[in-house]
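Enquirer: My structure file coords06.txt, compact mmCIF, C-alpha atoms, is below:
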# COMPACT_ATOMS: atom_id res chain seq x y z
CA MET A 1 45.56 -33.04 -14.75
CA ALA A 2 44.35 -34.13 -11.36
CA ALA A 3 42.65 -31.60 -9.16
CA LEU A 4 44.63 -30.35 -6.20
CA SER A 5 42.92 -31.44 -3.01
CA VAL A 6 44.82 -29.14 -0.71
CA SER A 7 42.91 -27.94 2.28
CA GLY A 8 44.60 -24.57 2.17
CA VAL A 9 43.38 -23.72 -1.38
CA THR A 10 40.22 -21.61 -1.46
CA ARG A 11 37.04 -22.97 -2.99
CA ARG A 12 37.18 -20.52 -5.86
CA GLY A 13 40.70 -21.49 -6.75
CA LEU A 14 39.78 -25.17 -6.61
CA THR A 15 36.95 -24.82 -9.11
CA TRP A 16 39.14 -22.84 -11.49
CA ILE A 17 41.70 -25.62 -11.51
CA VAL A 18 39.03 -28.31 -11.91
CA LEU A 19 37.58 -26.70 -15.00
CA GLY A 20 40.97 -25.87 -16.48
CA ALA A 21 41.73 -29.23 -18.09
CA PRO A 22 38.34 -30.30 -19.50
CA ARG A 23 37.47 -26.77 -20.68
CA ARG A 24 38.27 -27.44 -24.32
CA GLU A 25 36.04 -30.52 -24.49
CA PHE A 26 33.37 -28.64 -22.56
CA TRP A 27 33.06 -25.81 -25.13
CA SER A 28 33.55 -28.03 -28.18
CA ARG A 29 30.47 -30.00 -27.16
CA PHE A 30 28.42 -26.80 -27.29
CA ARG A 31 29.85 -25.93 -30.69
CA LYS A 32 28.87 -29.30 -32.13
CA GLU A 33 25.31 -28.91 -30.87
CA LYS A 34 25.06 -25.43 -32.40
CA THR A 35 26.15 -26.64 -35.85
CA LEU A 36 23.63 -29.49 -35.73
CA VAL A 37 20.79 -27.13 -34.81
CA VAL A 38 21.70 -24.68 -37.59
CA ALA A 39 21.76 -27.45 -40.19
CA GLU A 40 18.33 -28.72 -39.13
CA THR A 41 16.65 -25.30 -39.36
CA VAL A 42 18.16 -24.68 -42.80
CA GLU A 43 16.75 -27.97 -44.09
CA GLU A 44 13.31 -27.29 -42.63
CA ALA A 45 13.20 -23.86 -44.26
CA LYS A 46 14.01 -25.41 -47.63
CA LYS A 47 11.26 -28.04 -47.30
CA GLU A 48 8.48 -25.46 -46.82
CA PRO A 49 6.86 -24.39 -50.08
CA ILE A 50 7.22 -20.80 -51.14
CA LEU A 51 3.69 -19.69 -52.01
CA VAL A 52 3.24 -16.72 -54.25
CA CYS A 53 0.20 -14.55 -53.71
CA PRO A 54 -1.98 -14.41 -56.81
CA PRO A 55 -2.82 -10.92 -58.15
CA LEU A 56 -5.53 -9.10 -56.19
CA ARG A 57 -9.02 -9.36 -57.59
CA SER A 58 -11.41 -6.48 -57.90
CA ARG A 59 -14.85 -6.88 -56.40
CA THR A 60 -16.70 -5.53 -59.41
CA TYR A 61 -19.15 -7.94 -60.96
CA ILE A 62 -21.11 -7.48 -64.17
CA PRO A 63 -23.70 -10.19 -64.84
CA PRO A 64 -22.88 -11.95 -68.11
CA GLU A 65 -25.36 -12.06 -70.98
CA ASP A 66 -25.88 -15.82 -70.88
CA LEU A 67 -26.44 -15.98 -67.14
CA GLN A 68 -29.74 -17.87 -67.42
CA SER A 69 -28.32 -20.56 -69.66
CA ARG A 70 -25.26 -20.97 -67.46
CA LEU A 71 -27.43 -21.38 -64.39
CA GLU A 72 -29.66 -23.86 -66.17
CA SER A 73 -26.73 -26.01 -67.29
CA CYS A 74 -25.28 -25.88 -63.76
CA VAL A 75 -28.61 -26.98 -62.27
CA LYS A 76 -28.86 -29.84 -64.73
CA GLU A 77 -25.31 -30.99 -63.96
CA ILE A 78 -25.73 -31.02 -60.22
CA PHE A 79 -29.37 -31.92 -59.73
CA GLY A 80 -29.60 -34.21 -62.73
CA SER A 81 -31.50 -33.55 -65.92
CA SER A 82 -34.83 -34.55 -64.39
CA VAL A 83 -35.72 -30.95 -63.48
CA GLY A 84 -36.83 -29.89 -66.94
CA ASN A 85 -38.59 -26.54 -67.34
CA SER A 86 -39.13 -25.87 -63.65
CA TRP A 87 -35.41 -25.58 -62.93
CA GLN A 88 -35.99 -22.23 -61.22
CA ASP A 89 -38.11 -23.83 -58.51
CA VAL A 90 -35.55 -26.42 -57.47
CA SER A 91 -35.10 -26.29 -53.72
CA LEU A 92 -31.63 -25.89 -52.19
CA GLU A 93 -32.46 -27.54 -48.87
CA ASP A 94 -29.81 -30.25 -49.00
CA GLY A 95 -26.47 -28.96 -47.77
CA LEU A 96 -24.30 -30.96 -50.12
CA LEU A 97 -26.22 -30.04 -53.26
CA LYS A 98 -26.45 -26.41 -52.22
CA PHE A 99 -22.71 -26.27 -51.54
CA SER A 100 -21.72 -27.91 -54.84
CA PHE A 101 -24.15 -25.72 -56.80
CA LEU A 102 -23.10 -22.42 -55.23
CA ALA A 103 -19.39 -23.31 -55.26
CA ARG A 104 -19.57 -24.22 -58.95
CA LEU A 105 -21.35 -20.97 -59.77
CA ALA A 106 -18.89 -18.92 -57.73
CA ASP A 107 -15.88 -20.47 -59.48
CA ASP A 108 -17.57 -20.02 -62.83
CA LEU A 109 -18.63 -16.38 -62.48
CA GLY A 110 -15.87 -15.19 -60.13
CA HIS A 111 -18.38 -13.88 -57.58
CA ALA A 112 -19.64 -15.74 -54.50
CA VAL A 113 -22.75 -15.32 -52.40
CA PRO A 114 -21.66 -13.58 -49.17
CA ASN A 115 -22.19 -15.29 -45.80
CA SER A 116 -24.94 -12.90 -44.76
CA ARG A 117 -27.15 -13.89 -47.70
CA LEU A 118 -26.51 -17.62 -47.86
CA HIS A 119 -29.56 -18.44 -45.74
CA GLN A 120 -31.77 -16.43 -48.11
CA MET A 121 -30.89 -18.70 -51.05
CA CYS A 122 -33.70 -21.26 -50.78
CA ARG A 123 -34.53 -21.70 -54.47
CA VAL A 124 -32.54 -21.40 -57.65
CA ARG A 125 -34.69 -18.36 -58.46
CA ASP A 126 -33.17 -16.50 -55.47
CA VAL A 127 -29.69 -17.34 -56.75
CA LEU A 128 -30.65 -16.06 -60.19
CA ASP A 129 -31.90 -12.77 -58.74
CA PHE A 130 -28.73 -12.41 -56.72
CA TYR A 131 -26.46 -12.91 -59.72
CA ASN A 132 -28.46 -10.51 -61.85
CA VAL A 133 -27.45 -7.57 -59.66
CA PRO A 134 -24.16 -5.93 -60.73
CA ILE A 135 -21.65 -4.99 -58.03
CA ARG A 136 -19.49 -1.90 -58.25
CA ASP A 137 -16.25 -1.52 -56.33
CA GLN A 138 -16.04 2.26 -56.49
CA SER A 139 -17.58 4.35 -53.78
CA LYS A 140 -19.85 7.23 -54.60
CA PHE A 141 -17.01 9.73 -54.14
CA ASP A 142 -14.74 7.94 -56.60
CA GLU A 143 -17.54 7.85 -59.13
CA LEU A 144 -18.14 11.57 -58.73
CA THR A 145 -14.45 12.37 -59.17
CA ALA A 146 -14.29 10.21 -62.28
CA SER A 147 -17.42 11.71 -63.84
CA ASN A 148 -17.62 15.05 -65.64
CA LEU A 149 -18.09 17.73 -63.05
CA PRO A 150 -18.64 21.42 -63.69
CA PRO A 151 -15.41 23.41 -63.20
CA ASN A 152 -16.51 25.02 -59.94
CA VAL A 153 -17.10 21.70 -58.10
CA LYS A 154 -14.07 20.16 -56.41
CA ILE A 155 -13.96 16.96 -54.36
CA THR A 156 -11.09 16.49 -51.91
CA TRP A 157 -10.50 13.81 -49.35
CA GLY A 158 -9.90 15.64 -46.10
CA TYR A 159 -10.09 13.54 -42.98
CA THR B 160 -17.54 -2.88 -32.60
CA LYS B 161 -16.45 -2.18 -36.06
CA VAL B 162 -16.62 0.75 -38.40
CA GLY B 163 -17.65 -0.28 -41.88
CA GLY B 164 -15.96 0.80 -45.07
CA ARG B 165 -12.25 1.16 -45.69
CA ALA B 166 -11.04 2.27 -42.31
CA SER B 167 -10.51 -0.44 -39.69
CA SER B 168 -12.85 -3.15 -40.85
CA PHE B 169 -12.63 -6.07 -38.52
CA THR B 170 -13.00 -9.72 -39.43
CA VAL B 171 -13.53 -12.58 -36.98
CA VAL B 172 -12.27 -15.95 -38.18
CA HIS B 173 -13.77 -18.94 -36.43
CA GLY B 174 -11.57 -22.02 -36.45
CA LEU B 175 -13.46 -25.29 -36.17
CA GLN B 176 -10.73 -27.38 -34.55
CA GLY B 177 -13.05 -30.12 -33.38
CA LEU B 178 -11.50 -32.70 -31.09
CA ASN B 179 -8.20 -30.97 -30.35
CA ALA B 180 -9.86 -27.71 -29.35
CA LEU B 181 -7.75 -25.40 -27.21
CA ALA B 182 -10.40 -22.92 -26.22
CA GLU B 183 -8.53 -19.64 -25.98
CA GLU B 184 -11.84 -17.84 -25.88
CA ALA B 185 -14.86 -19.87 -24.95
CA VAL B 186 -17.17 -17.84 -27.15
CA HIS B 187 -20.32 -19.93 -27.13
CA PRO B 188 -21.23 -23.62 -27.10
CA VAL B 189 -20.62 -24.33 -30.78
CA ALA B 190 -20.80 -28.01 -31.61
CA LYS B 191 -17.85 -29.75 -33.16
CA PRO B 192 -17.96 -30.14 -36.95
CA GLU B 193 -18.73 -33.43 -38.66
CA ALA B 194 -17.03 -33.85 -41.99
CA VAL B 195 -19.47 -35.62 -44.28
CA VAL B 196 -17.47 -37.51 -46.87
CA SER B 197 -19.04 -37.54 -50.30
CA ALA B 198 -18.07 -37.84 -53.92
CA GLY B 199 -15.73 -35.24 -55.39
CA PRO B 200 -12.00 -34.55 -55.57
CA GLN B 201 -12.14 -32.81 -52.17
CA ALA B 202 -14.83 -33.86 -49.70
CA PRO B 203 -16.74 -30.71 -48.74
CA VAL B 204 -16.87 -29.95 -45.03
CA LEU B 205 -20.55 -29.79 -44.06
CA ARG B 206 -21.43 -28.88 -40.52
CA ARG B 207 -24.85 -29.43 -39.02
CA CYS B 208 -26.14 -27.83 -35.83
CA GLU B 209 -25.88 -30.36 -33.03
CA LEU B 210 -28.05 -28.36 -30.67
CA PRO B 211 -31.74 -28.50 -31.53
CA VAL B 212 -32.99 -25.63 -33.65
CA PRO B 213 -36.47 -24.28 -32.83
CA ALA B 214 -39.04 -25.37 -35.36
CA THR B 215 -40.06 -21.82 -36.30
CA ARG B 216 -36.49 -20.74 -37.16
CA ARG B 217 -34.07 -22.01 -39.73
CA PRO B 218 -30.31 -22.10 -39.31
CA VAL B 219 -28.10 -19.45 -40.86
CA GLN B 220 -25.30 -20.60 -43.13
CA ALA B 221 -21.74 -19.58 -43.86
CA TRP B 222 -18.93 -20.76 -46.10
CA VAL B 223 -16.15 -22.79 -44.49
CA GLU B 224 -12.79 -21.54 -45.75
CA SER B 225 -9.28 -22.94 -45.50
CA LEU B 226 -6.01 -21.22 -44.67
CA ARG B 227 -3.94 -23.78 -46.56
CA GLY B 228 -4.01 -22.05 -49.92
CA TYR B 229 -4.67 -18.57 -51.21
CA GLN B 230 -7.60 -19.68 -53.36
CA GLN B 231 -9.11 -22.24 -50.97
CA GLU B 232 -12.22 -20.33 -50.16
CA ARG B 233 -15.48 -22.32 -50.07
CA VAL B 234 -14.16 -25.63 -48.75
CA GLY B 235 -17.53 -26.40 -47.17
CA LEU B 236 -20.80 -25.10 -45.81
CA ALA B 237 -21.53 -24.63 -42.09
CA GLU B 238 -24.96 -24.31 -40.53
CA LEU B 239 -25.04 -21.93 -37.60
CA HIS B 240 -27.61 -21.90 -34.82
CA PRO B 241 -30.06 -18.99 -35.24
CA ASP B 242 -30.21 -18.23 -31.50
CA VAL B 243 -26.51 -17.31 -31.63
CA PHE B 244 -25.89 -16.02 -35.12
CA SER B 245 -29.25 -14.47 -35.88
CA THR B 246 -30.49 -12.85 -32.66
CA ALA B 247 -31.96 -9.39 -32.41
CA PRO B 248 -29.24 -6.75 -32.96
CA ARG B 249 -29.36 -5.32 -29.44
CA MET B 250 -26.92 -2.44 -29.66
CA ASP B 251 -27.65 -1.38 -26.11
CA ILE B 252 -26.54 -4.73 -24.72
CA LEU B 253 -23.46 -4.64 -26.93
CA HIS B 254 -22.65 -1.18 -25.64
CA GLN B 255 -23.12 -2.25 -22.03
CA VAL B 256 -20.81 -5.21 -22.48
CA ALA B 257 -18.17 -3.15 -24.30
CA ILE B 258 -18.17 -0.49 -21.58
CA TRP B 259 -18.07 -3.16 -18.88
CA GLN B 260 -15.08 -4.86 -20.51
CA LYS B 261 -13.29 -1.53 -20.58
CA ASN B 262 -14.10 -0.45 -17.04
CA PHE B 263 -14.28 -3.46 -14.75
CA LYS B 264 -10.51 -3.98 -14.79
CA ARG B 265 -9.81 -0.34 -14.08
CA ILE B 266 -8.19 0.70 -10.84
CA SER B 267 -7.31 4.38 -10.74
CA TYR B 268 -4.32 4.98 -8.50
CA ALA B 269 -4.71 8.75 -8.27
CA LYS B 270 -4.46 10.10 -4.74
CA THR B 271 -4.04 13.63 -3.39
CA LYS B 272 -3.34 14.89 0.08
CA THR B 273 -6.02 16.63 2.09
CA ARG B 274 -5.29 19.54 4.37
CA ALA B 275 -4.76 17.06 7.21
CA GLU B 276 -2.15 15.06 5.32
CA VAL B 277 -0.02 17.89 3.95
CA LYS B 278 3.03 18.42 6.11
CA GLY B 279 2.76 21.33 8.49
CA GLY B 280 -0.16 23.67 9.05
CA GLY B 281 -1.01 22.94 12.68
CA ARG B 282 -0.48 26.42 13.95
CA LYS B 283 -2.56 29.51 13.36
CA PRO B 284 -0.28 31.67 11.15
CA TRP B 285 -1.20 35.02 12.72
CA PRO B 286 -3.67 36.08 15.41
CA GLN B 287 -7.30 36.40 14.48
CA LYS B 288 -7.51 40.17 14.85
CA GLY B 289 -5.10 43.05 14.65
CA SER B 290 -2.69 42.24 11.76
CA GLY B 291 -4.92 43.61 9.03
CA ARG B 292 -4.63 40.44 6.94
CA SER B 293 -7.48 38.00 6.32
CA ARG B 294 -8.11 35.44 8.96
CA HIS B 295 -6.68 31.91 8.54
CA GLY B 296 -6.40 28.85 10.72
CA SER B 297 -3.63 26.93 8.99
CA ILE B 298 -1.23 27.40 6.11
CA ARG B 299 -2.33 24.18 4.46
CA SER B 300 -6.01 24.88 3.96
CA PRO B 301 -7.23 24.37 0.35
CA ILE B 302 -7.38 28.08 -0.41
CA TRP B 303 -3.65 28.44 0.28
CA ARG B 304 -0.91 27.83 -2.25
CA GLY B 305 0.75 24.55 -1.29
CA GLY B 306 -2.29 23.53 0.70
CA GLY B 307 -4.26 20.33 0.52
CA ILE B 308 -6.86 19.49 -2.13
CA ALA B 309 -10.45 19.71 -0.94
CA HIS B 310 -12.35 17.08 -2.98
CA GLY B 311 -9.60 15.35 -4.89
CA PRO B 312 -9.18 11.69 -5.77
CA ARG B 313 -8.80 9.64 -2.64
CA GLY B 314 -6.68 6.57 -2.88
CA PRO B 315 -6.94 3.68 -5.33
CA THR B 316 -10.52 3.41 -6.50
CA SER B 317 -11.84 0.29 -8.13
CA TYR B 318 -14.44 0.41 -10.89
CA TYR B 319 -15.18 -3.26 -10.67
CA TYR B 320 -18.68 -4.44 -11.34
CA MET B 321 -20.08 -7.54 -12.98
CA LEU B 322 -22.92 -7.62 -15.44
CA PRO B 323 -25.14 -10.67 -15.12
CA MET B 324 -23.76 -13.67 -16.99
CA LYS B 325 -26.72 -13.85 -19.29
CA VAL B 326 -26.23 -10.22 -20.33
CA ARG B 327 -22.60 -10.90 -21.17
CA VAL B 328 -23.51 -14.01 -23.12
CA GLN B 329 -26.19 -12.11 -25.02
CA GLY B 330 -23.60 -9.45 -25.83
CA LEU B 331 -21.37 -12.09 -27.44
CA LYS B 332 -24.31 -13.48 -29.39
CA VAL B 333 -25.23 -10.00 -30.63
CA ALA B 334 -21.62 -9.37 -31.65
CA LEU B 335 -21.50 -12.59 -33.67
CA THR B 336 -24.86 -11.83 -35.26
CA VAL B 337 -23.74 -8.38 -36.30
CA LYS B 338 -20.43 -9.65 -37.68
CA LEU B 339 -22.16 -12.29 -39.75
CA ALA B 340 -24.76 -9.85 -41.04
CA GLN B 341 -22.05 -7.43 -42.16
CA ASP B 342 -19.98 -10.17 -43.88
CA TYR B 343 -17.11 -9.80 -41.48
CA LEU B 344 -17.31 -13.34 -40.07
CA HIS B 345 -15.33 -16.10 -41.76
CA ILE B 346 -15.33 -19.72 -40.64
CA VAL B 347 -12.17 -21.71 -41.13
CA ASP B 348 -11.86 -25.48 -40.85
CA SER B 349 -8.51 -25.40 -39.07
CA LEU B 350 -5.78 -22.91 -38.30
CA GLU B 351 -3.02 -24.86 -40.08
CA LEU B 352 -0.77 -22.84 -42.33
CA PRO B 353 1.37 -24.33 -45.11
CA THR B 354 4.36 -22.05 -44.35
CA SER B 355 5.81 -20.46 -41.24
CA ASP B 356 6.20 -17.21 -43.13
CA PRO B 357 4.43 -14.42 -41.22
CA GLN B 358 3.75 -12.58 -44.46
CA TYR B 359 1.60 -15.45 -45.72
CA LEU B 360 -1.28 -14.69 -43.40
CA THR B 361 -1.21 -10.96 -44.07
CA GLU B 362 -1.17 -11.56 -47.82
CA LEU B 363 -4.01 -14.05 -47.48
CA ALA B 364 -6.11 -11.54 -45.59
CA ARG B 365 -5.31 -8.94 -48.23
CA TYR B 366 -6.16 -11.25 -51.12
CA ARG B 367 -9.48 -12.32 -49.62
CA HIS B 368 -10.48 -8.75 -48.69
CA TRP B 369 -10.82 -9.57 -45.01
CA GLY B 370 -10.06 -6.06 -43.82
CA ASP B 371 -7.33 -4.26 -41.93
CA SER B 372 -7.54 -6.21 -38.68
CA VAL B 373 -8.37 -9.87 -38.22
CA LEU B 374 -9.15 -11.68 -34.96
CA LEU B 375 -8.48 -15.41 -35.05
CA VAL B 376 -10.48 -17.45 -32.56
CA ASP B 377 -9.62 -21.10 -31.95
CA LEU B 378 -12.51 -23.26 -30.79
Show me, as structure tokens, the structure contained in the file I just sent.

Expert:
Amino acid sequence: MAALSVSGVTRRGLTWIVLGAPRREFWSRFRKEKTLVVAETVEEAKKEPILVCPPLRSRTYIPPEDLQSRLESCVKEIFGSSVGNSWQDVSLEDGLLKFSFLARLADDLGHAVPNSRLHQMCRVRDVLDFYNVPIRDQSKFDELTASNLPPNVKITWGY
Amino acid sequence: TKVGGRASSFTVVHGLQGLNALAEEAVHPVAKPEAVVSAGPQAPVLRRCELPVPATRRPVQAWVESLRGYQQERVGLAELHPDVFSTAPRMDILHQVAIWQKNFKRISYAKTKTRAEVKGGGRKPWPQKGSGRSRHGSIRSPIWRGGGIAHGPRGPTSYYYMLPMKVRVQGLKVALTVKLAQDYLHIVDSLELPTSDPQYLTELARYRHWGDSVLLVDL
């Protein structure tokens, strides 16, 4: 329909008539765009992998019995078998060797050297001393509650 | 600063973005990382200090982690400059900087009217002598009900002050030192996540025992 170009018609009326005919095409364009956008987001969501969180680990660490032999074999693997009997004095100055050694040990034993003590690990002996110390996850209060207390001692958490 | 233990432990994650760094917080002049490619299924990310380290001190080290997988801790080893990550633990400077950060933005808008500003009270309510009541000069003096306030807050007051730049910088260095020493600092190679799921990051922080609140800093 052609727009009425009558001088007597008000501006508001004119615009209403102008939009009257192409209104259906106008809104259908928006609807097409909406369906396209929805389809794209659905596909993107399907492409992302759904990662499942592994079960939480406890921070307790008990040094295994064969810790020395494990360390020795690790040293021989990474630094080569040329170290011999003085494997405890091998220096960890080189970044790459230190990283591979400590990462291998951490994956093996399930316990890593924390950031605050990495700079203290200069020799393999320091690493051995670190891994000989057991780590307990329980606080002192939990230990007390778990242990055998006399009947007149009660421990309550009251913050 | 942080409170150790279970309640509100606070982890700072440093992202080494390298060339495409959008510095949201310019923390300190950390050099960009150099990935040294070497043998192995995944090349470990090794970072050396680009700024010269004094001969008497040795750099501190930290693991470089990755956010791309739950178990991708220990992707590399980063060397950190001792003047930044191993300074003296100056708690007084840290306190000064924390109090400054809290107060310098403060503008208190409290304002009360004095006896001159309260409406009315220009006339002596009753003559000085003869009525038997106590003597007063105006009904808006501070001892009257509805009167002005004698020494109240006067207008918007600003608590702005600036600590010297070097003090503020030293405060940041002390904060980083303390976080590293308490194992609350984690260095990440990049802030890329494999999913857009918001739960992923919370579960990652839970799995890696990062603590209840985590601050991510992009370098």

Enquirer: I need the chain B residues near chain A as a count of residues only; criterion: at most 6 Å, counting only C-alpha atoms.

Expert: 8

Enquirer: What is the distance, in Å and to one decimal place, between CA of Gln260 in chain B and CA of Val373 in chain B?

Expert: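 Taking CA of Gln260 in chain B and CA of Val373 in chain B, their separation equals 19.6 Å.
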
Enquirer: Which one of B:Val277, B:Ile346, B:Met250, B:Ala214 sits closest to Gly330 in chain B if you count all atoms listed in the file?

Expert: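 Answer, going by the shortest atom-to-atom distance: B:Met250.
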
Enquirer: Might you pull out every residue within 9 Å of His240 in chain B, with only C-alpha atoms counted and same-chain residues fewer than 3 positions away left off, and present them as a ChimeraX atom specification?

Expert: /B:189,208-212,217-220,243-245

Enquirer: Tell me, as a list in words, which residues lie within 9 Å of Arg313 in chain B, counting all atoms listed in the file; anything in the same chain fewer than 5 positions away does not count.

Expert: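 Residues near the query, excluding close chain neighbours: Tyr268, Ala269, Lys270, Thr271, Lys272 and Thr273 of chain B.
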
Enquirer: To one decimal in Å, tell me the separation between CA of Ser91 in chain A and CA of Leu128 in chain A.

Expert: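 Separation of CA of Ser91 in chain A and CA of Leu128 in chain A: 12.9 Å.
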
Enquirer: Quick one: of B:Arg365, B:Leu374, B:Asp251, B:Glu276, who's nearest to Gly305 in chain B, counting only C-alpha atoms?

Expert: B:Glu276

Enquirer: Determine the nearest neighbour of Lys278 in chain B from the options B:Arg299, B:Arg206, B:Arg227, B:Arg367, counting all atoms listed in the file.

Expert: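 Looking at the shortest contact to Lys278 in chain B, the residue is B:Arg299.
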
Enquirer: Compile the contact shell of Gly279 in chain B as a PyMOL selection string: residues with an atom at most 9 Å away, counting all atoms listed in the file, same-chain residues fewer than 4 positions apart removed.

Expert: chain B and resi 275+297-299

Enquirer: In Å, how far is it from CA of Glu351 in chain B to CA of Gly370 in chain B?

Expert: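 Spanning CA of Glu351 in chain B to CA of Gly370 in chain B is a straight-line distance of 20.4 Å.
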
Enquirer: Which centre and which edge lengths, in Å to one decimal, describe the axis-aligned box that holds all listed atoms of range 312-321 of chain B after 6 Å is added on each side, as JSON?

Expert:
{"center_x": -13.4, "center_y": 2.1, "center_z": -7.8, "size_x": 25.4, "size_y": 31.2, "size_z": 22.3}

Enquirer: Can you tell me, as a ChimeraX atom specification, what residues are no more than 10 Å from Arg265 in chain B when counting only C-alpha atoms, ignoring any on the same chain fewer than 3 positions away?

Expert: /B:259-262,268,316-319

Enquirer: Skipping near chain neighbours, those fewer than 4 positions away, what residues fall within 10 Å of range 283-286 of chain B using only C-alpha atoms, listed as a list in words?

Expert: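 Answer for this query is Ser290, Gly291, Arg292, Ser293, Arg294, His295, Gly296, Ser297 and Ile298 of chain B.
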
Enquirer: Determine the nearest neighbour of Cys122 in chain A from the options A:Lys140, A:Ile155, A:Leu92, A:Leu149, counting all atoms listed in the file.

Expert: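 Among the listed residues, the smallest separation from Cys122 in chain A belongs to A:Leu92.
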